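Coordinates as given in input_9.cif (mmCIF, C-alpha atoms (C1' of nucleotides)):
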data_start
loop_
_atom_site.group_PDB
_atom_site.id
_atom_site.type_symbol
_atom_site.label_atom_id
_atom_site.label_comp_id
_atom_site.auth_asym_id
_atom_site.auth_seq_id
_atom_site.Cartn_x
_atom_site.Cartn_y
_atom_site.Cartn_z
ATOM 1 C CA MET I 73 0.000 0.000 0.000
ATOM 2 C CA SER I 74 3.048 2.250 -0.214
ATOM 3 C CA LYS I 75 1.886 4.246 -3.184
ATOM 4 C CA GLN I 76 4.485 6.507 -4.710
ATOM 5 C CA LEU I 77 2.180 7.887 -7.368
ATOM 6 C CA PRO I 78 2.678 11.488 -6.417
ATOM 7 C CA LEU I 79 6.389 11.263 -6.992
ATOM 8 C CA ALA I 80 5.761 10.255 -10.559
ATOM 9 C CA ALA I 81 3.168 12.959 -10.824
ATOM 10 C CA ILE I 82 5.643 15.433 -9.480
ATOM 11 C CA ASP I 83 8.300 14.226 -11.851
ATOM 12 C CA ALA I 84 6.115 15.133 -14.775
ATOM 13 C CA CYS I 85 5.181 18.309 -12.983
ATOM 14 C CA CYS I 86 5.865 21.175 -13.607
ATOM 15 C CA SER I 87 7.465 24.309 -14.659
ATOM 16 C CA PRO I 88 6.447 27.070 -12.315
ATOM 17 C CA LEU I 89 2.780 27.948 -12.288
ATOM 18 C CA ALA I 90 3.589 31.353 -13.668
ATOM 19 C CA ARG I 91 5.695 30.131 -16.582
ATOM 20 C CA GLU I 92 3.036 28.373 -18.591
ATOM 21 C CA PRO I 93 -0.541 27.257 -18.006
ATOM 22 C CA LEU I 94 -0.955 23.970 -16.188
ATOM 23 C CA SER I 95 -2.601 21.172 -18.085
ATOM 24 C CA ALA I 96 -5.777 19.740 -16.623
ATOM 25 C CA GLU I 97 -3.899 16.598 -15.612
ATOM 26 C CA GLN I 98 -1.086 18.467 -13.942
ATOM 27 C CA ALA I 99 -3.627 20.556 -12.098
ATOM 28 C CA VAL I 100 -5.394 17.490 -10.767
ATOM 29 C CA GLU I 101 -2.150 15.970 -9.549
ATOM 30 C CA LEU I 102 -0.896 19.132 -7.936
ATOM 31 C CA SER I 103 -4.232 19.878 -6.332
ATOM 32 C CA GLY I 104 -4.047 16.504 -4.633
ATOM 33 C CA LEU I 105 -0.871 17.566 -2.884
ATOM 34 C CA PHE I 106 -2.238 20.965 -1.948
ATOM 35 C CA LYS I 107 -5.393 19.316 -0.675
ATOM 36 C CA ALA I 108 -3.297 17.200 1.630
ATOM 37 C CA MET I 109 -1.803 20.374 3.048
ATOM 38 C CA ALA I 110 -5.043 22.307 3.147
ATOM 39 C CA ASP I 111 -5.723 21.484 6.770
ATOM 40 C CA PRO I 112 -4.135 23.109 9.815
ATOM 41 C CA VAL I 113 -3.669 19.831 11.623
ATOM 42 C CA ARG I 114 -1.941 18.201 8.684
ATOM 43 C CA LEU I 115 0.295 21.213 8.162
ATOM 44 C CA ARG I 116 1.370 21.104 11.773
ATOM 45 C CA LEU I 117 1.912 17.350 11.576
ATOM 46 C CA LEU I 118 4.051 17.826 8.501
ATOM 47 C CA SER I 119 6.013 20.564 10.205
ATOM 48 C CA LEU I 120 6.434 18.600 13.402
ATOM 49 C CA ILE I 121 7.758 15.608 11.509
ATOM 50 C CA ALA I 122 10.004 17.609 9.202
ATOM 51 C CA SER I 123 11.528 19.663 11.972
ATOM 52 C CA HIS I 124 11.886 16.838 14.471
ATOM 53 C CA ALA I 125 15.344 15.781 15.507
ATOM 54 C CA GLY I 126 16.583 13.013 13.268
ATOM 55 C CA GLY I 127 14.057 13.923 10.613
ATOM 56 C CA GLU I 128 11.485 11.554 11.981
ATOM 57 C CA ALA I 129 8.852 11.490 14.677
ATOM 58 C CA CYS I 130 6.706 8.775 16.162
ATOM 59 C CA VAL I 131 2.954 9.049 16.398
ATOM 60 C CA CYS I 132 3.149 9.292 20.151
ATOM 61 C CA ASP I 133 5.158 12.503 19.823
ATOM 62 C CA LEU I 134 2.609 13.928 17.451
ATOM 63 C CA THR I 135 -0.595 13.105 19.262
ATOM 64 C CA ASP I 136 0.340 15.102 22.336
ATOM 65 C CA ALA I 137 0.557 18.323 20.328
ATOM 66 C CA PHE I 138 -3.177 18.297 19.579
ATOM 67 C CA ASP I 139 -6.502 18.222 21.359
ATOM 68 C CA LEU I 140 -7.704 15.520 19.039
ATOM 69 C CA SER I 141 -8.428 11.843 19.366
ATOM 70 C CA GLY I 142 -5.855 9.292 18.301
ATOM 71 C CA PRO I 143 -7.921 8.054 15.388
ATOM 72 C CA THR I 144 -8.234 11.585 14.051
ATOM 73 C CA ILE I 145 -4.463 12.036 14.068
ATOM 74 C CA SER I 146 -4.103 8.651 12.454
ATOM 75 C CA HIS I 147 -6.561 9.710 9.761
ATOM 76 C CA HIS I 148 -4.572 12.841 8.972
ATOM 77 C CA LEU I 149 -1.327 10.896 8.850
ATOM 78 C CA LYS I 150 -2.954 8.527 6.401
ATOM 79 C CA VAL I 151 -3.937 11.409 4.139
ATOM 80 C CA LEU I 152 -0.382 12.732 4.214
ATOM 81 C CA ARG I 153 0.951 9.250 3.556
ATOM 82 C CA GLN I 154 -1.370 8.619 0.614
ATOM 83 C CA SER I 155 -0.450 11.948 -0.890
ATOM 84 C CA GLY I 156 3.186 10.909 -0.820
ATOM 85 C CA LEU I 157 4.324 13.685 1.477
ATOM 86 C CA ILE I 158 5.421 11.340 4.249
ATOM 87 C CA THR I 159 6.213 7.687 4.866
ATOM 88 C CA GLY I 160 5.683 5.639 7.967
ATOM 89 C CA GLU I 161 7.714 2.748 9.273
ATOM 90 C CA ARG I 162 6.928 0.509 12.181
ATOM 91 C CA ARG I 163 9.824 -0.263 14.528
ATOM 92 C CA GLY I 164 8.674 -2.391 17.391
ATOM 93 C CA THR I 165 5.744 -0.858 19.175
ATOM 94 C CA TRP I 166 6.043 2.568 17.589
ATOM 95 C CA VAL I 167 5.532 3.893 14.098
ATOM 96 C CA TYR I 168 7.911 6.550 12.854
ATOM 97 C CA TYR I 169 7.100 9.048 10.145
ATOM 98 C CA ARG I 170 9.417 11.109 7.977
ATOM 99 C CA VAL I 171 8.837 13.534 5.130
ATOM 100 C CA HIS I 172 9.781 13.185 1.491
ATOM 101 C CA PRO I 173 11.857 16.328 0.995
ATOM 102 C CA GLU I 174 11.815 15.933 -2.788
ATOM 103 C CA VAL I 175 8.072 16.379 -2.875
ATOM 104 C CA LEU I 176 8.262 19.538 -0.806
ATOM 105 C CA ALA I 177 11.070 20.820 -2.999
ATOM 106 C CA ARG I 178 9.156 20.257 -6.199
ATOM 107 C CA LEU I 179 6.088 21.867 -4.780
ATOM 108 C CA SER I 180 8.149 24.818 -3.713
ATOM 109 C CA ALA I 181 9.588 25.076 -7.215
ATOM 110 C CA VAL I 182 6.137 25.092 -8.765
ATOM 111 C CA LEU I 183 5.109 28.061 -6.670
ATOM 112 C CA VAL I 184 8.109 30.245 -7.278
ATOM 113 C CA PRO I 185 6.730 33.278 -9.086
ATOM 114 C CA GLY I 186 9.357 33.124 -11.795
ATOM 115 C CA GLU I 187 9.625 35.263 -14.881
ATOM 116 C CA ARG I 188 6.538 35.614 -16.948
ATOM 117 C CA ASN I 189 5.882 37.678 -20.019
ATOM 118 C CA VAL I 190 6.205 41.119 -18.558
ATOM 119 C CA PRO I 191 4.667 44.070 -20.339
ATOM 120 C CA ALA I 192 7.196 46.026 -22.363
ATOM 121 C CA MET O 171 -14.117 43.975 0.238
ATOM 122 C CA SER O 172 -10.514 43.895 -0.928
ATOM 123 C CA LYS O 173 -9.192 41.966 2.012
ATOM 124 C CA GLN O 174 -5.446 41.739 2.261
ATOM 125 C CA LEU O 175 -5.468 39.657 5.401
ATOM 126 C CA PRO O 176 -3.364 36.867 3.987
ATOM 127 C CA LEU O 177 -0.529 39.224 3.220
ATOM 128 C CA ALA O 178 -0.310 40.119 6.864
ATOM 129 C CA ALA O 179 -0.610 36.478 7.716
ATOM 130 C CA ILE O 180 2.154 35.692 5.317
ATOM 131 C CA ASP O 181 4.311 38.449 6.727
ATOM 132 C CA ALA O 182 4.213 36.815 10.102
ATOM 133 C CA CYS O 183 4.674 33.467 8.421
ATOM 134 C CA CYS O 184 7.008 31.559 8.438
ATOM 135 C CA SER O 185 10.305 29.991 8.509
ATOM 136 C CA PRO O 186 10.271 26.861 6.388
ATOM 137 C CA LEU O 187 7.990 24.093 7.560
ATOM 138 C CA ALA O 188 10.977 21.910 8.196
ATOM 139 C CA ARG O 189 12.901 24.413 10.283
ATOM 140 C CA GLU O 190 10.616 24.618 13.278
ATOM 141 C CA PRO O 191 7.101 23.473 14.116
ATOM 142 C CA LEU O 192 4.315 25.745 12.937
ATOM 143 C CA SER O 193 2.182 27.349 15.589
ATOM 144 C CA ALA O 194 -1.518 26.598 15.505
ATOM 145 C CA GLU O 195 -2.202 30.128 14.250
ATOM 146 C CA GLN O 196 0.373 29.966 11.501
ATOM 147 C CA ALA O 197 -1.029 26.619 10.449
ATOM 148 C CA VAL O 198 -4.537 28.011 10.173
ATOM 149 C CA GLU O 199 -3.368 30.928 8.071
ATOM 150 C CA LEU O 200 -1.238 28.835 5.776
ATOM 151 C CA SER O 201 -3.889 26.178 5.379
ATOM 152 C CA GLY O 202 -6.231 28.878 4.111
ATOM 153 C CA LEU O 203 -3.869 29.562 1.232
ATOM 154 C CA PHE O 204 -3.338 25.899 0.478
ATOM 155 C CA LYS O 205 -7.067 25.350 0.597
ATOM 156 C CA ALA O 206 -7.488 28.004 -2.050
ATOM 157 C CA MET O 207 -5.092 26.075 -4.248
ATOM 158 C CA ALA O 208 -6.496 22.668 -3.419
ATOM 159 C CA ASP O 209 -8.733 22.570 -6.472
ATOM 160 C CA PRO O 210 -7.702 21.775 -10.041
ATOM 161 C CA VAL O 211 -9.815 24.538 -11.521
ATOM 162 C CA ARG O 212 -8.401 27.175 -9.206
ATOM 163 C CA LEU O 213 -4.851 25.990 -9.834
ATOM 164 C CA ARG O 214 -5.361 26.294 -13.558
ATOM 165 C CA LEU O 215 -6.962 29.701 -13.141
ATOM 166 C CA LEU O 216 -4.009 30.832 -11.085
ATOM 167 C CA SER O 217 -1.604 29.470 -13.650
ATOM 168 C CA LEU O 218 -3.503 30.987 -16.563
ATOM 169 C CA ILE O 219 -3.496 34.387 -14.924
ATOM 170 C CA ALA O 220 0.113 34.231 -13.784
ATOM 171 C CA SER O 221 1.434 33.082 -17.127
ATOM 172 C CA HIS O 222 -0.740 35.337 -19.261
ATOM 173 C CA ALA O 223 0.913 38.026 -21.328
ATOM 174 C CA GLY O 224 1.125 41.219 -19.342
ATOM 175 C CA GLY O 225 0.653 39.370 -16.096
ATOM 176 C CA GLU O 226 -3.080 39.740 -16.200
ATOM 177 C CA ALA O 227 -6.053 38.050 -17.789
ATOM 178 C CA CYS O 228 -9.693 38.948 -18.123
ATOM 179 C CA VAL O 229 -12.449 36.604 -17.059
ATOM 180 C CA CYS O 230 -13.498 36.122 -20.647
ATOM 181 C CA ASP O 231 -10.084 34.599 -21.408
ATOM 182 C CA LEU O 232 -10.379 32.270 -18.457
ATOM 183 C CA THR O 233 -13.893 30.981 -18.923
ATOM 184 C CA ASP O 234 -13.165 29.505 -22.330
ATOM 185 C CA ALA O 235 -10.525 27.193 -20.906
ATOM 186 C CA PHE O 236 -13.084 25.214 -18.900
ATOM 187 C CA ASP O 237 -16.260 23.256 -19.396
ATOM 188 C CA LEU O 238 -17.862 25.084 -16.518
ATOM 189 C CA SER O 239 -20.541 27.690 -16.152
ATOM 190 C CA GLY O 240 -19.627 31.338 -15.767
ATOM 191 C CA PRO O 241 -20.866 31.527 -12.184
ATOM 192 C CA THR O 242 -18.691 28.581 -11.258
ATOM 193 C CA ILE O 243 -15.607 30.295 -12.641
ATOM 194 C CA SER O 244 -16.651 33.449 -10.865
ATOM 195 C CA HIS O 245 -16.966 31.510 -7.632
ATOM 196 C CA HIS O 246 -13.459 30.106 -7.938
ATOM 197 C CA LEU O 247 -12.032 33.522 -8.746
ATOM 198 C CA LYS O 248 -13.719 34.824 -5.625
ATOM 199 C CA VAL O 249 -12.069 32.149 -3.514
ATOM 200 C CA LEU O 250 -8.693 33.026 -4.970
ATOM 201 C CA ARG O 251 -9.388 36.722 -4.435
ATOM 202 C CA GLN O 252 -10.463 36.255 -0.822
ATOM 203 C CA SER O 253 -7.396 34.184 -0.110
ATOM 204 C CA GLY O 254 -5.251 37.072 -1.317
ATOM 205 C CA LEU O 255 -3.651 35.168 -4.171
ATOM 206 C CA ILE O 256 -5.096 37.406 -6.869
ATOM 207 C CA THR O 257 -6.751 40.787 -7.305
ATOM 208 C CA GLY O 258 -9.357 41.843 -9.796
ATOM 209 C CA GLU O 259 -9.861 45.208 -11.402
ATOM 210 C CA ARG O 260 -12.684 46.318 -13.629
ATOM 211 C CA ARG O 261 -11.720 48.295 -16.708
ATOM 212 C CA GLY O 262 -14.753 49.148 -18.758
ATOM 213 C CA THR O 263 -16.715 46.078 -19.613
ATOM 214 C CA TRP O 264 -14.112 43.568 -18.573
ATOM 215 C CA VAL O 265 -12.571 42.528 -15.276
ATOM 216 C CA TYR O 266 -8.863 41.778 -15.225
ATOM 217 C CA TYR O 267 -7.150 39.563 -12.681
ATOM 218 C CA ARG O 268 -3.503 39.411 -11.711
ATOM 219 C CA VAL O 269 -1.602 37.393 -9.124
ATOM 220 C CA HIS O 270 0.192 38.606 -6.029
ATOM 221 C CA PRO O 271 3.684 37.248 -6.668
ATOM 222 C CA GLU O 272 4.753 37.965 -3.081
ATOM 223 C CA VAL O 273 2.220 35.515 -1.741
ATOM 224 C CA LEU O 274 3.388 32.795 -4.093
ATOM 225 C CA ALA O 275 6.973 33.547 -3.180
ATOM 226 C CA ARG O 276 6.360 33.301 0.538
ATOM 227 C CA LEU O 277 4.450 30.105 0.105
ATOM 228 C CA SER O 278 7.263 28.700 -1.932
ATOM 229 C CA ALA O 279 9.718 29.678 0.777
ATOM 230 C CA VAL O 280 7.673 27.918 3.435
ATOM 231 C CA LEU O 281 7.827 24.669 1.510
ATOM 232 C CA VAL O 282 11.507 24.627 0.785
ATOM 233 C CA PRO O 283 12.793 21.543 2.623
ATOM 234 C CA GLY O 284 15.664 23.438 4.213
ATOM 235 C CA GLU O 285 18.106 22.171 6.757
ATOM 236 C CA ARG O 286 16.684 20.392 9.741
ATOM 237 C CA ASN O 287 18.388 18.738 12.640
ATOM 238 C CA VAL O 288 20.098 15.902 10.869
ATOM 239 C CA PRO O 289 21.195 12.868 12.844
ATOM 240 C CA ALA O 290 24.890 12.946 13.729
ATOM 241 C "C1'" DT B 226 -34.236 54.787 -22.721
ATOM 242 C "C1'" DC B 227 -33.809 50.070 -23.974
ATOM 243 C "C1'" DC B 228 -31.140 46.201 -25.339
ATOM 244 C "C1'" DT B 229 -27.028 43.366 -25.245
ATOM 245 C "C1'" DT B 230 -22.954 41.458 -23.260
ATOM 246 C "C1'" DG B 231 -19.701 40.516 -19.347
ATOM 247 C "C1'" DA B 232 -19.524 39.336 -14.611
ATOM 248 C "C1'" DA B 233 -21.124 38.554 -9.796
ATOM 249 C "C1'" DT B 234 -24.663 37.110 -6.418
ATOM 250 C "C1'" DA B 235 -28.370 34.078 -4.446
ATOM 251 C "C1'" DG B 236 -29.996 29.890 -3.404
ATOM 252 C "C1'" DA B 237 -30.412 24.802 -4.011
ATOM 253 C "C1'" DC B 238 -28.374 20.332 -4.075
ATOM 254 C "C1'" DA B 239 -25.143 16.468 -4.033
ATOM 255 C "C1'" DT B 240 -20.795 15.229 -2.565
ATOM 256 C "C1'" DC B 241 -16.771 15.396 0.207
ATOM 257 C "C1'" DC B 242 -14.371 15.756 4.598
ATOM 258 C "C1'" DA B 243 -12.957 16.344 9.679
ATOM 259 C "C1'" DT B 244 -14.217 14.482 13.674
ATOM 260 C "C1'" DC B 245 -15.927 11.223 16.910
ATOM 261 C "C1'" DT B 246 -16.784 6.395 19.326
ATOM 262 C "C1'" DA B 247 -16.267 1.571 19.082
ATOM 263 C "C1'" DA B 248 -13.728 -2.092 17.575
ATOM 264 C "C1'" DA B 249 -9.789 -4.489 15.617
ATOM 265 C "C1'" DC B 250 -4.875 -5.190 14.885
ATOM 266 C "C1'" DA B 251 0.302 -5.251 16.291
ATOM 267 C "C1'" DG B 252 3.848 -5.793 19.421
ATOM 268 C "C1'" DT B 253 5.809 -6.380 24.197
ATOM 269 C "C1'" DG B 254 6.238 -8.527 28.410
ATOM 270 C "C1'" DA B 255 4.437 -11.265 32.558
ATOM 271 C "C1'" DT P 192 -1.754 -17.437 26.965
ATOM 272 C "C1'" DC P 193 -3.289 -13.123 28.842
ATOM 273 C "C1'" DA P 194 -3.008 -8.341 29.603
ATOM 274 C "C1'" DC P 195 -1.500 -3.847 28.336
ATOM 275 C "C1'" DT P 196 -0.100 -0.083 25.242
ATOM 276 C "C1'" DG P 197 0.223 2.039 20.687
ATOM 277 C "C1'" DT P 198 -1.862 2.478 16.214
ATOM 278 C "C1'" DT P 199 -5.190 1.733 12.596
ATOM 279 C "C1'" DT P 200 -9.774 0.633 10.676
ATOM 280 C "C1'" DA P 201 -14.943 0.974 10.422
ATOM 281 C "C1'" DG P 202 -18.927 3.413 10.530
ATOM 282 C "C1'" DA P 203 -21.730 7.514 11.691
ATOM 283 C "C1'" DT P 204 -22.625 12.454 11.579
ATOM 284 C "C1'" DG P 205 -22.537 17.498 11.006
ATOM 285 C "C1'" DG P 206 -20.500 20.981 8.380
ATOM 286 C "C1'" DA P 207 -17.916 22.629 4.337
ATOM 287 C "C1'" DT P 208 -17.582 22.883 -0.728
ATOM 288 C "C1'" DG P 209 -18.188 22.562 -5.992
ATOM 289 C "C1'" DT P 210 -21.581 22.888 -9.234
ATOM 290 C "C1'" DC P 211 -25.726 24.340 -11.285
ATOM 291 C "C1'" DT P 212 -29.883 27.636 -12.753
ATOM 292 C "C1'" DA P 213 -32.022 31.957 -12.153
ATOM 293 C "C1'" DT P 214 -31.399 36.515 -11.168
ATOM 294 C "C1'" DT P 215 -29.083 40.886 -10.596
ATOM 295 C "C1'" DC P 216 -25.570 44.328 -11.389
ATOM 296 C "C1'" DA P 217 -22.294 47.066 -14.537
ATOM 297 C "C1'" DA P 218 -20.982 49.111 -18.747
ATOM 298 C "C1'" DG P 219 -21.568 50.329 -23.502
ATOM 299 C "C1'" DG P 220 -24.135 51.232 -27.876
ATOM 300 C "C1'" DA P 221 -28.355 52.010 -30.824
#
Could you write out this file's structure as structure tokens?
Amino acid sequence: MSKQLPLAAIDACCSPLAREPLSAEQAVELSGLFKAMADPVRLRLLSLIASHAGGEACVCDLTDAFDLSGPTISHHLKVLRQSGLITGERRGTWVYYRVHPEVLARLSAVLVPGERNVPA
Amino acid sequence: MSKQLPLAAIDACCSPLAREPLSAEQAVELSGLFKAMADPVRLRLLSLIASHAGGEACVCDLTDAFDLSGPTISHHLKVLRQSGLITGERRGTWVYYRVHPEVLARLSAVLVPGERNVPA
DNA sequence: TCCTTGAATAGACATCCATCTAAACAGTGA
DNA sequence: TCACTGTTTAGATGGATGTCTATTCAAGGA
């Protein structure tokens, strides 16, 4: 169930938004990633994992940062996982998550305003 | 109704996601921007506007690119406008939209993977 | 003034989504 | 094997969201 789709999607994608119009397909793929980040809890989870010492964090670390039930956190982690932004690995009792920096980097590159056709 | 809230939000925001954990407030503000981009139609609109000659596009240019009703396009433009990603200006019969490159730039900067505490 | 065209608003409707509780699964240790 | 802790899955529910049609507003021309 470790789907890496988004990496492929990201590989095809994209010159910066502002360089040339996105195709419908590119837009669908990119919107999936943005959708995964379009929630405050998921953004904080992503940030907590990415900034955690060692580049990984276990679910137990994450749950304490929120006033939410365990299953809700688990749900959000699943969304992030399925979008390809993070991966999880079980080691003994605990599950550790880490981010895919390439995906963040590509996303960042897509957003860079970049040079467009400026008026003369 | 020309709300520039998100620019202020963005000003306060943020060191890269991966540098330090987002606060709850920062996460809410950022998620608002990502939510605005979490739709294929809005992403394409944004891209069409940003990449259009002169840095601006009128609604009439945009509508033709989609199999959607005018009101639906108008709705999506409103979402983008309220999020602070674009502004619209009426000139005569037509309304022209352009992006706020600063917002894109800040967003891009937030996503850059950046250096985190790497294991020794 | 009236008509036409471009664009936004209002309201309805179906779908999606964040959250919860209850239950199941995974691993550790007695 | 049993009990305990950590994590995920299943199912339900209320609220948010994308789309539409009908209507209204804005600007220009006959």
* Residues near DG236 (chain B), cut-off 12 Å, all atoms listed in the file, skip fewer than 4 positions along chain, as a ChimeraX atom specification -> /P:211-214
* Kindly indicate which residue among O:Asp234, O:Glu226, O:Glu190, O:Asp209 lies nearest to chain P, using all atoms listed in the file for the distances. => O:Asp209
* **Selection result of the PyMOL selection byres ((chain B and resi 255) around 9) on this file, as JSON, numbers by chain** => {"B": [254], "P": [193, 194]}
* Output the residue selection produced by the PyMOL selection byres ((chain O) within 8 of (chain I)) on the file above, formatted as a VMD selection string. => chain O and resid 187 to 194 197 to 198 200 to 205 207 to 211 213 to 214 216 to 225 271 to 272 274 to 275 277 to 283 286 to 289
* To do: For chain O, list the residues within 8 Å of chain P, counting all atoms listed in the file, and write the list as a PyMOL selection string.
  => chain O and resi 239+242+262-263
* To do: Could you tell me which of I:Leu140, I:Val167, I:Ser146, I:Cys130 comes closest to DT244 (chain B) if we count only C-alpha atoms (C1' of nucleotides)?
  => I:Leu140
* Asked: So which one's closest to chain O, B:DT240, B:DT226, B:DA233, B:DG252? Using all atoms listed in the file, please.
  -> B:DA233
Pull out every residue of chain B that has at least one atom within 10 Å of chain I, counting all atoms listed in the file, and report them as an mmCIF file with C-alpha atoms (C1' of nucleotides), in the coordinates of the input.
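Dumped to result.cif:
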data_model
loop_
_atom_site.group_PDB
_atom_site.id
_atom_site.type_symbol
_atom_site.label_atom_id
_atom_site.label_comp_id
_atom_site.auth_asym_id
_atom_site.auth_seq_id
_atom_site.Cartn_x
_atom_site.Cartn_y
_atom_site.Cartn_z
ATOM 1 C "C1'" DA B 243 -12.957 16.344 9.679
ATOM 2 C "C1'" DT B 244 -14.217 14.482 13.674
ATOM 3 C "C1'" DC B 245 -15.927 11.223 16.910
ATOM 4 C "C1'" DT B 246 -16.784 6.395 19.326
ATOM 5 C "C1'" DA B 251 0.302 -5.251 16.291
ATOM 6 C "C1'" DG B 252 3.848 -5.793 19.421
ATOM 7 C "C1'" DT B 253 5.809 -6.380 24.197
#
* Structure fact -> Students should find that CA of Gln252 (chain O) and C1' of DA239 (chain B) are spaced 24.8 Å
* What is the distance between CA of Ile158 (chain I) and CA of Ser87 (chain I), in Å to one decimal? ->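 Computed distance, CA of Ile158 (chain I) to CA of Ser87 (chain I), equals 23.0 Å.
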* Suppose you want the space between C1' of DT229 (chain B) and CA of Gly258 (chain O); what is it in Å? -> 23.5 Å
Could you work out an axis-aligned bounding box for all listed atoms of region 202-205 of chain P, with 4 Å added on each of the six sides, and give its centre and edge lengths in Å to one decimal, as JSON?
{"center_x": -20.8, "center_y": 10.5, "center_z": 11.1, "size_x": 11.7, "size_y": 22.1, "size_z": 9.2}
Polymer residues at most 7 Å from Ala227 (chain O), only C-alpha atoms (C1' of nucleotides), same-chain spacing of 6 or more positions, as a compact mmCIF listing (two decimals) with C-alpha atoms, in the frame of the given file:
# COMPACT_ATOMS: atom_id res chain seq x y z
CA ILE O 219 -3.50 34.39 -14.92
CA TYR O 266 -8.86 41.78 -15.22
CA TYR O 267 -7.15 39.56 -12.68
CA ARG O 268 -3.50 39.41 -11.71
